[in-house]
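Student: Just run-v3.txt, nothing more (compact mmCIF, C-alpha atoms):
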```txt
# COMPACT_ATOMS: atom_id res chain seq x y z
CA MET Y 12 -30.57 -48.58 17.54
CA LYS Y 13 -33.00 -47.08 20.02
CA VAL Y 14 -33.22 -43.62 21.50
CA LYS Y 15 -35.37 -42.27 24.30
CA VAL Y 16 -37.50 -39.26 23.40
CA LYS Y 17 -39.08 -37.10 26.08
CA PHE Y 18 -41.88 -34.70 25.20
CA PHE Y 19 -42.64 -31.60 27.24
CA ALA Y 20 -45.28 -28.87 27.32
CA ILE Y 21 -47.09 -28.37 24.01
CA LEU Y 22 -45.26 -31.29 22.37
CA ARG Y 23 -46.25 -33.65 25.20
CA GLU Y 24 -49.87 -32.64 24.69
CA ARG Y 25 -49.68 -33.00 20.91
CA ALA Y 26 -47.92 -36.37 21.06
CA GLY Y 27 -50.18 -37.62 23.83
CA ALA Y 28 -47.10 -39.13 25.49
CA GLY Y 29 -44.35 -37.98 27.85
CA GLU Y 30 -41.67 -40.47 26.98
CA ILE Y 31 -41.17 -43.03 24.24
CA MET Y 32 -38.45 -45.30 22.86
CA LYS Y 33 -37.90 -44.98 19.13
CA GLU Y 34 -36.06 -47.33 16.80
CA ILE Y 35 -33.97 -45.41 14.23
CA GLY Y 36 -31.22 -46.22 11.77
CA GLU Y 37 -27.53 -46.00 12.71
CA GLY Y 38 -26.15 -42.53 12.02
CA SER Y 39 -29.53 -40.78 12.14
CA THR Y 40 -29.49 -37.11 13.00
CA VAL Y 41 -31.73 -35.23 15.39
CA ILE Y 42 -33.73 -33.71 12.56
CA GLU Y 43 -34.16 -37.11 10.88
CA LEU Y 44 -35.55 -38.40 14.16
CA TRP Y 45 -37.96 -35.46 14.26
CA ASP Y 46 -39.13 -36.22 10.73
CA ALA Y 47 -39.73 -39.86 11.69
CA LEU Y 48 -41.65 -38.80 14.81
CA THR Y 49 -43.92 -36.52 12.83
CA ARG Y 50 -44.93 -39.56 10.78
CA ASP Y 51 -45.82 -41.40 14.02
CA TYR Y 52 -47.42 -38.30 15.58
CA PRO Y 53 -48.75 -36.06 12.77
CA LYS Y 54 -49.92 -33.44 15.27
CA LEU Y 55 -46.28 -32.61 16.05
CA ALA Y 56 -45.48 -31.43 12.54
CA PRO Y 57 -46.62 -27.77 12.77
CA ALA Y 58 -44.22 -27.14 15.66
CA ARG Y 59 -40.97 -27.80 13.84
CA MET Y 60 -39.79 -24.27 13.05
CA HIS Y 61 -39.86 -23.21 16.69
CA LEU Y 62 -37.69 -25.94 18.14
CA LEU Y 63 -34.35 -26.24 19.82
CA TYR Y 64 -32.79 -29.68 20.19
CA ALA Y 65 -31.27 -31.30 23.26
CA VAL Y 66 -29.38 -34.59 23.46
CA ASN Y 67 -28.43 -35.94 26.88
CA GLN Y 68 -29.35 -32.55 28.39
CA ASN Y 69 -27.20 -30.39 26.13
CA TYR Y 70 -28.36 -28.21 23.27
CA VAL Y 71 -27.17 -29.49 19.91
CA ALA Y 72 -27.54 -28.55 16.24
CA PRO Y 73 -30.22 -30.23 14.08
CA ASP Y 74 -27.58 -32.27 12.23
CA HIS Y 75 -26.18 -33.77 15.44
CA VAL Y 76 -25.69 -37.53 14.96
CA LEU Y 77 -27.48 -39.72 17.49
CA HIS Y 78 -26.20 -42.78 19.31
CA ASP Y 79 -27.90 -45.78 20.86
CA GLN Y 80 -29.73 -44.94 24.12
CA ASP Y 81 -29.39 -41.17 23.70
CA GLU Y 82 -32.02 -39.08 25.46
CA VAL Y 83 -33.50 -36.61 22.99
CA VAL Y 84 -35.74 -33.66 23.79
CA PHE Y 85 -37.28 -31.27 21.30
CA VAL Y 86 -37.49 -27.94 23.09
CA PRO Y 87 -40.37 -25.64 22.17
CA PRO Y 88 -39.83 -21.93 22.91
CA VAL Y 89 -39.07 -21.65 26.62
CA SER Y 90 -41.17 -19.38 28.83
CA GLY Y 91 -39.86 -19.69 32.36
CA GLY Y 92 -39.50 -16.79 34.74
CA MET G 16 -28.26 -23.70 44.75
CA PHE G 17 -29.85 -24.21 41.33
CA ARG G 18 -33.11 -26.09 41.58
CA VAL G 19 -36.52 -26.77 40.12
CA THR G 20 -39.17 -27.60 42.70
CA GLN G 21 -42.88 -28.29 43.12
CA GLU G 22 -42.84 -26.61 46.53
CA PRO G 23 -43.78 -22.96 47.21
CA LEU G 24 -40.67 -20.77 47.08
CA ASN G 25 -39.08 -19.28 50.16
CA LEU G 26 -37.07 -16.10 49.60
CA GLN G 27 -35.41 -16.25 53.00
CA ALA G 28 -34.00 -19.72 52.29
CA LEU G 29 -32.17 -18.34 49.23
CA VAL G 30 -30.96 -15.26 51.11
CA ASP G 31 -29.62 -17.48 53.89
CA TYR G 32 -27.93 -19.68 51.29
CA VAL G 33 -26.04 -16.81 49.62
CA THR G 34 -25.20 -14.94 52.82
CA ASP G 35 -21.44 -14.57 52.93
CA PRO G 36 -19.09 -12.59 55.17
CA GLU G 37 -17.28 -11.31 52.06
CA ALA G 38 -20.49 -9.85 50.65
CA GLY G 39 -21.55 -6.23 50.99
CA ALA G 40 -24.78 -6.67 49.04
CA ILE G 41 -27.45 -9.27 48.39
CA VAL G 42 -29.78 -8.59 45.46
CA THR G 43 -32.92 -10.68 45.09
CA PHE G 44 -35.48 -11.04 42.33
CA ILE G 45 -38.92 -12.58 42.68
CA GLY G 46 -40.92 -13.38 39.57
CA THR G 47 -44.62 -13.50 40.47
CA THR G 48 -47.65 -14.63 38.51
CA ARG G 49 -49.85 -11.77 37.40
CA ASN G 50 -53.54 -11.83 36.66
CA HIS G 51 -53.42 -10.50 33.09
CA ASN G 52 -51.45 -11.01 29.88
CA GLU G 53 -52.10 -9.45 26.48
CA GLY G 54 -55.64 -8.58 27.40
CA ARG G 55 -56.45 -12.01 28.79
CA ARG G 56 -57.61 -12.44 32.37
CA VAL G 57 -55.30 -15.09 33.78
CA ILE G 58 -56.60 -17.47 36.44
CA SER G 59 -53.43 -19.43 37.15
CA LEU G 60 -50.18 -20.58 35.59
CA ASP G 61 -48.91 -24.12 35.12
CA TYR G 62 -45.14 -24.46 34.83
CA GLU G 63 -43.48 -27.55 33.40
CA ALA G 64 -39.76 -28.24 33.25
CA TYR G 65 -37.33 -30.74 31.81
CA PRO G 66 -35.95 -30.87 35.33
CA GLU G 67 -32.52 -32.48 34.84
CA MET G 68 -31.63 -30.11 32.02
CA ALA G 69 -33.26 -27.06 33.60
CA GLU G 70 -31.11 -27.46 36.71
CA LYS G 71 -28.04 -27.99 34.55
CA GLU G 72 -28.80 -24.83 32.54
CA LEU G 73 -29.42 -22.81 35.72
CA LYS G 74 -26.06 -23.96 37.04
CA ARG G 75 -24.41 -23.09 33.73
CA LEU G 76 -25.78 -19.56 33.76
CA GLY G 77 -24.67 -19.20 37.39
CA GLU G 78 -21.15 -20.12 36.30
CA GLU G 79 -21.39 -17.66 33.41
CA ALA G 80 -22.45 -14.91 35.85
CA LYS G 81 -19.42 -15.71 38.03
CA ARG G 82 -17.15 -15.30 35.03
CA ARG G 83 -18.67 -11.93 34.11
CA TRP G 84 -19.07 -10.31 37.52
CA LYS G 85 -17.37 -10.43 40.86
CA ILE G 86 -19.99 -12.29 42.85
CA GLN G 87 -19.68 -14.51 45.90
CA ARG G 88 -22.71 -16.74 45.77
CA MET G 89 -25.83 -17.21 43.69
CA ALA G 90 -29.04 -19.18 44.08
CA ILE G 91 -31.91 -19.72 41.66
CA VAL G 92 -35.00 -21.78 42.38
CA HIS G 93 -37.82 -22.11 39.85
CA ARG G 94 -41.18 -23.53 40.73
CA VAL G 95 -43.10 -26.01 38.56
CA GLY G 96 -46.70 -27.18 38.66
CA ARG G 97 -49.69 -24.99 39.37
CA VAL G 98 -48.75 -21.50 40.62
CA GLU G 99 -51.60 -19.31 41.79
CA ILE G 100 -51.82 -15.60 41.01
CA THR G 101 -49.47 -13.48 43.20
CA GLU G 102 -47.31 -16.48 44.12
CA PRO G 103 -43.60 -16.51 43.20
CA SER G 104 -42.63 -18.65 40.20
CA VAL G 105 -38.90 -17.92 40.40
CA VAL G 106 -36.56 -16.52 43.04
CA ILE G 107 -32.96 -15.42 42.48
CA ALA G 108 -30.48 -14.27 45.11
CA VAL G 109 -26.97 -12.96 44.42
CA ALA G 110 -24.35 -11.95 46.97
CA ALA G 111 -21.40 -9.80 45.96
CA ALA G 112 -18.80 -7.60 47.62
CA HIS G 113 -20.34 -4.61 45.84
CA ARG G 114 -23.92 -3.91 44.83
CA ASP G 115 -23.28 -3.16 41.19
CA ASP G 116 -22.04 -6.69 40.48
CA ALA G 117 -24.96 -8.18 42.41
CA PHE G 118 -27.56 -6.14 40.49
CA GLN G 119 -26.05 -6.93 37.11
CA ALA G 120 -25.66 -10.66 37.78
CA CYS G 121 -29.23 -10.89 39.05
CA ARG G 122 -30.57 -9.11 35.96
CA PHE G 123 -28.51 -11.38 33.72
CA ALA G 124 -29.89 -14.48 35.44
CA ILE G 125 -33.55 -13.66 34.93
CA GLU G 126 -33.02 -12.62 31.30
CA GLU G 127 -31.12 -15.85 30.53
CA ILE G 128 -33.77 -18.00 32.22
CA LYS G 129 -36.25 -16.63 29.73
CA LYS G 130 -34.00 -17.56 26.80
CA SER G 131 -32.37 -20.90 27.41
CA VAL G 132 -33.69 -22.81 30.41
CA PRO G 133 -36.16 -25.58 29.43
CA ILE G 134 -39.13 -24.45 31.48
CA TRP G 135 -42.54 -23.72 29.97
CA LYS G 136 -45.49 -21.75 31.21
CA LYS G 137 -49.08 -22.51 30.40
CA GLU G 138 -51.49 -19.71 31.02
CA VAL G 139 -54.94 -20.76 32.16
CA TYR G 140 -57.40 -18.01 31.48
CA GLU G 141 -61.11 -17.54 31.26
CA GLY G 142 -62.14 -19.54 28.21
CA GLY G 143 -58.96 -21.49 27.50
CA GLU G 144 -55.28 -22.10 27.98
CA ILE G 145 -52.11 -21.29 26.05
CA TRP G 146 -48.50 -22.48 26.19
CA ILE G 147 -46.67 -19.17 26.27
CA GLY G 148 -44.03 -18.76 23.57
CA THR G 149 -45.56 -21.20 21.13
CA GLN G 150 -48.50 -19.18 19.88
CA SER G 151 -46.47 -16.91 17.61
CA GLY G 152 -44.01 -17.79 14.87
CA GLN G 153 -40.78 -17.10 16.71
CA PRO G 154 -37.74 -18.00 14.64
CA PHE G 155 -35.49 -20.42 16.46
CA ASN G 156 -32.04 -19.29 17.39
CA LEU G 157 -29.36 -21.71 18.46
CA SER G 158 -26.87 -19.40 20.11
CA LYS G 159 -24.23 -21.92 21.07
```
Could you rewrite the structure in this file as C-alpha cells?

Tutor:
Amino acid sequence: MKVKVKFFAILRERAGAGEIMKEIGEGSTVIELWDALTRDYPKLAPARMHLLYAVNQNYVAPDHVLHDQDEVVFVPPVSGG
Amino acid sequence: MFRVTQEPLNLQALVDYVTDPEAGAIVTFIGTTRNHNEGRRVISLDYEAYPEMAEKELKRLGEEAKRRWKIQRMAIVHRVGRVEITEPSVVIAVAAAHRDDAFQACRFAIEEIKKSVPIWKKEVYEGGEIWIGTQSGQPFNLSK
C-alpha cells in the first residue's frame, strides 16, 4: 500500500522534499514508516525523539496502524504564536 | 474564525467578527515578532504551517475554550511566511458576557497554540537561522 508523507519545517529541509508517496507493507505502524523513511533520508534520523505523529490531520500514537492513502505528518516541536 | 493566512493580520477584522450584542467584553491578544531571542539579534521570522491541520487544531481549541468558559465568540488568525519585526504573527479575539471569561479563554488560546498547533517558527538572525523548538532535546509528550 501507499501513504502520502508531508514534511514541514526542519524535517522538510532535512528531507529535501515537501511531499512524497511511500510504499509500505500492510499493517505498518507510524513508527515503522518513520524507520523506513530514515533509511531513505538519513538526515531525518536525529529528529526522532522530538516528534509527534499526525495521520489524516489528527494526532495519533506511534503504534497507530496505517491504511492505504493515509496522509502522514511527523510533527517536530511546534513554535507558533 | 480559525485561519492560517499569508496576509498581514488585521485586528479590527477579528474584533468585528466576534462583536456580539450579548457580549460585555472583548479581549484581544496580538503576538508580535521581537528583535531578540536568547541573546541573538533577530532580523525576521519565517512561519510555516501544516495549514489544514493547524486550522483544525485552532478550531478544536476554540471549542475547548467554549466548554470551559462562558464565551460568545472567538477568532484566531495565525500568519505564515515571512513576518517582519514588530508585525503581528497571531491575533486572538474573544467576546464574552463578562470580562473574566474573555481574559481566561484568550490566555488559554495562546498557551495552547504554543503546545499543539502545527505551526513552526524559523528565526533568521545575524549569522544564521534556527527552527525554534528543535534546537534543544525536548521530550515529546502526546497528551491525548

Student: Taking (-38.7, -26.6, 41.5) in the file's coordinates as the center, which residues reach within 7 Å of it, counting all atoms listed in the file, put as an MDAnalysis selection string?

Tutor: chainID G and resid 18:22 92:95

Student: For C-alpha atoms, I'd like the residues from the last selection saved as an mmCIF file, in the frame of the given file.

Tutor:
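Here's the written file again26.cif:
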```
data_model
loop_
_atom_site.group_PDB
_atom_site.id
_atom_site.type_symbol
_atom_site.label_atom_id
_atom_site.label_comp_id
_atom_site.auth_asym_id
_atom_site.auth_seq_id
_atom_site.Cartn_x
_atom_site.Cartn_y
_atom_site.Cartn_z
ATOM 1 C CA ARG G 18 -33.110 -26.090 41.580
ATOM 2 C CA VAL G 19 -36.520 -26.770 40.120
ATOM 3 C CA THR G 20 -39.170 -27.600 42.700
ATOM 4 C CA GLN G 21 -42.880 -28.290 43.120
ATOM 5 C CA GLU G 22 -42.840 -26.610 46.530
ATOM 6 C CA VAL G 92 -35.000 -21.780 42.380
ATOM 7 C CA HIS G 93 -37.820 -22.110 39.850
ATOM 8 C CA ARG G 94 -41.180 -23.530 40.730
ATOM 9 C CA VAL G 95 -43.100 -26.010 38.560
#
```

Student: Hey, which of G:Glu37, G:Glu144, G:Glu53, G:Glu78 ends up closest to chain Y? Count only C-alpha atoms.

Tutor: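 Ranking G:Glu37, G:Glu144, G:Glu53, G:Glu78 by distance to chain Y, first place goes to G:Glu144.
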
Student: Which of these residues is nearest to chain Y, using only C-alpha atoms: G:Lys81, G:Arg88, G:Arg122, G:Lys137?

Tutor: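 Smallest separation from chain Y among the options: G:Lys137.
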
Student: Find the residue from Y:Lys15, Y:Lys54, Y:Arg25, Y:His61 that sits nearest to Pro87 in chain Y; use only C-alpha atoms when measuring.

Tutor: Y:His61

Student: Would you list the contacts of Arg83 in chain G as a list of chain:residue names, taking every protein, DNA or RNA residue within 12 Å and counting only C-alpha atoms, but skipping same-chain residues closer than 2 positions in sequence?

Tutor: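 Near Arg83 in chain G, the qualifying residues are G:Leu76, G:Gly77, G:Glu78, G:Glu79, G:Ala80, G:Lys81, G:Lys85, G:Ile86, G:Asp116, G:Ala117, G:Gln119, G:Ala120, G:Cys121, G:Phe123, G:Ala124.
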
Student: Using only C-alpha atoms and a distance of at most 8 Å, pull out the residues of chain Y that contact chain G, as a PyMOL selection string.

Tutor: chain Y and resi 19-21+60-63+68-70+72+86-92

Student: Counting all atoms listed in the file, what is within 7 Å of Leu55 in chain Y, bar same-chain residues fewer than 5 positions away, as an mmCIF file with C-alpha atoms, keeping the file's coordinate frame?

Tutor:
```
data_model
loop_
_atom_site.group_PDB
_atom_site.id
_atom_site.type_symbol
_atom_site.label_atom_id
_atom_site.label_comp_id
_atom_site.auth_asym_id
_atom_site.auth_seq_id
_atom_site.Cartn_x
_atom_site.Cartn_y
_atom_site.Cartn_z
ATOM 1 C CA LEU Y 22 -45.260 -31.290 22.370
ATOM 2 C CA ARG Y 25 -49.680 -33.000 20.910
ATOM 3 C CA ALA Y 26 -47.920 -36.370 21.060
ATOM 4 C CA THR Y 49 -43.920 -36.520 12.830
#
```

Student: When you count only C-alpha atoms, which of these residues is closest to Ala40 in chain G: G:Met89, G:Glu138, G:Glu102, G:Val109?

Tutor: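 Ranking G:Met89, G:Glu138, G:Glu102, G:Val109 by distance to Ala40 in chain G, first place goes to G:Val109.
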
Student: To one decimal in Å, tell me the separation between CA of Asp35 in chain G and CA of Ala110 in chain G.

Tutor: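 According to the coordinates, CA of Asp35 in chain G and CA of Ala110 in chain G are separated by 7.1 Å.
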
Student: For Glu37 in chain Y, please output as a list in words all residues within 8 Å (counting all atoms listed in the file; exclusion window: fewer than 5 positions along the same chain).

Tutor: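 Counting only the stated atoms, we get Met12, Leu77 and His78 of chain Y.
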
Student: Check the smallest atom-to-atom distance from each of Y:Ala65, Y:Ala56, Y:Val76, Y:Lys13 to Ile35 in chain Y using all atoms listed in the file, then report the winner.

Tutor: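 When distances to Ile35 in chain Y are compared using all atoms listed in the file, the smallest one comes from Y:Lys13.
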
Student: With distances taken over all atoms listed in the file, which of Y:Asn67, Y:Asp46, Y:Val16, Y:Asp74 is nearest to Met32 in chain Y?

Tutor: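 So, comparing all the options, the nearest one is Y:Val16.
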
Student: Edge lengths and centre in Å to one decimal, as lines of an AutoDock Vina configuration file, is what I'm after for the box along x, y and z that holds all listed atoms of range 60-71 of chain Y once 6 Å is added on each side.

Tutor:
```
center_x = -33.5
center_y = -29.6
center_z = 20.7
size_x = 24.7
size_y = 24.7
size_z = 27.3
```

Student: Interatomic distance between CA of Ile107 in chain G and CA of Ser59 in chain G?

Tutor: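 Those two atoms sit 21.5 Å apart.
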
Student: What is the CA of Val139 in chain G to CA of Arg55 in chain G distance in Å?

Tutor: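 Between these atoms lies a distance of 9.5 Å.
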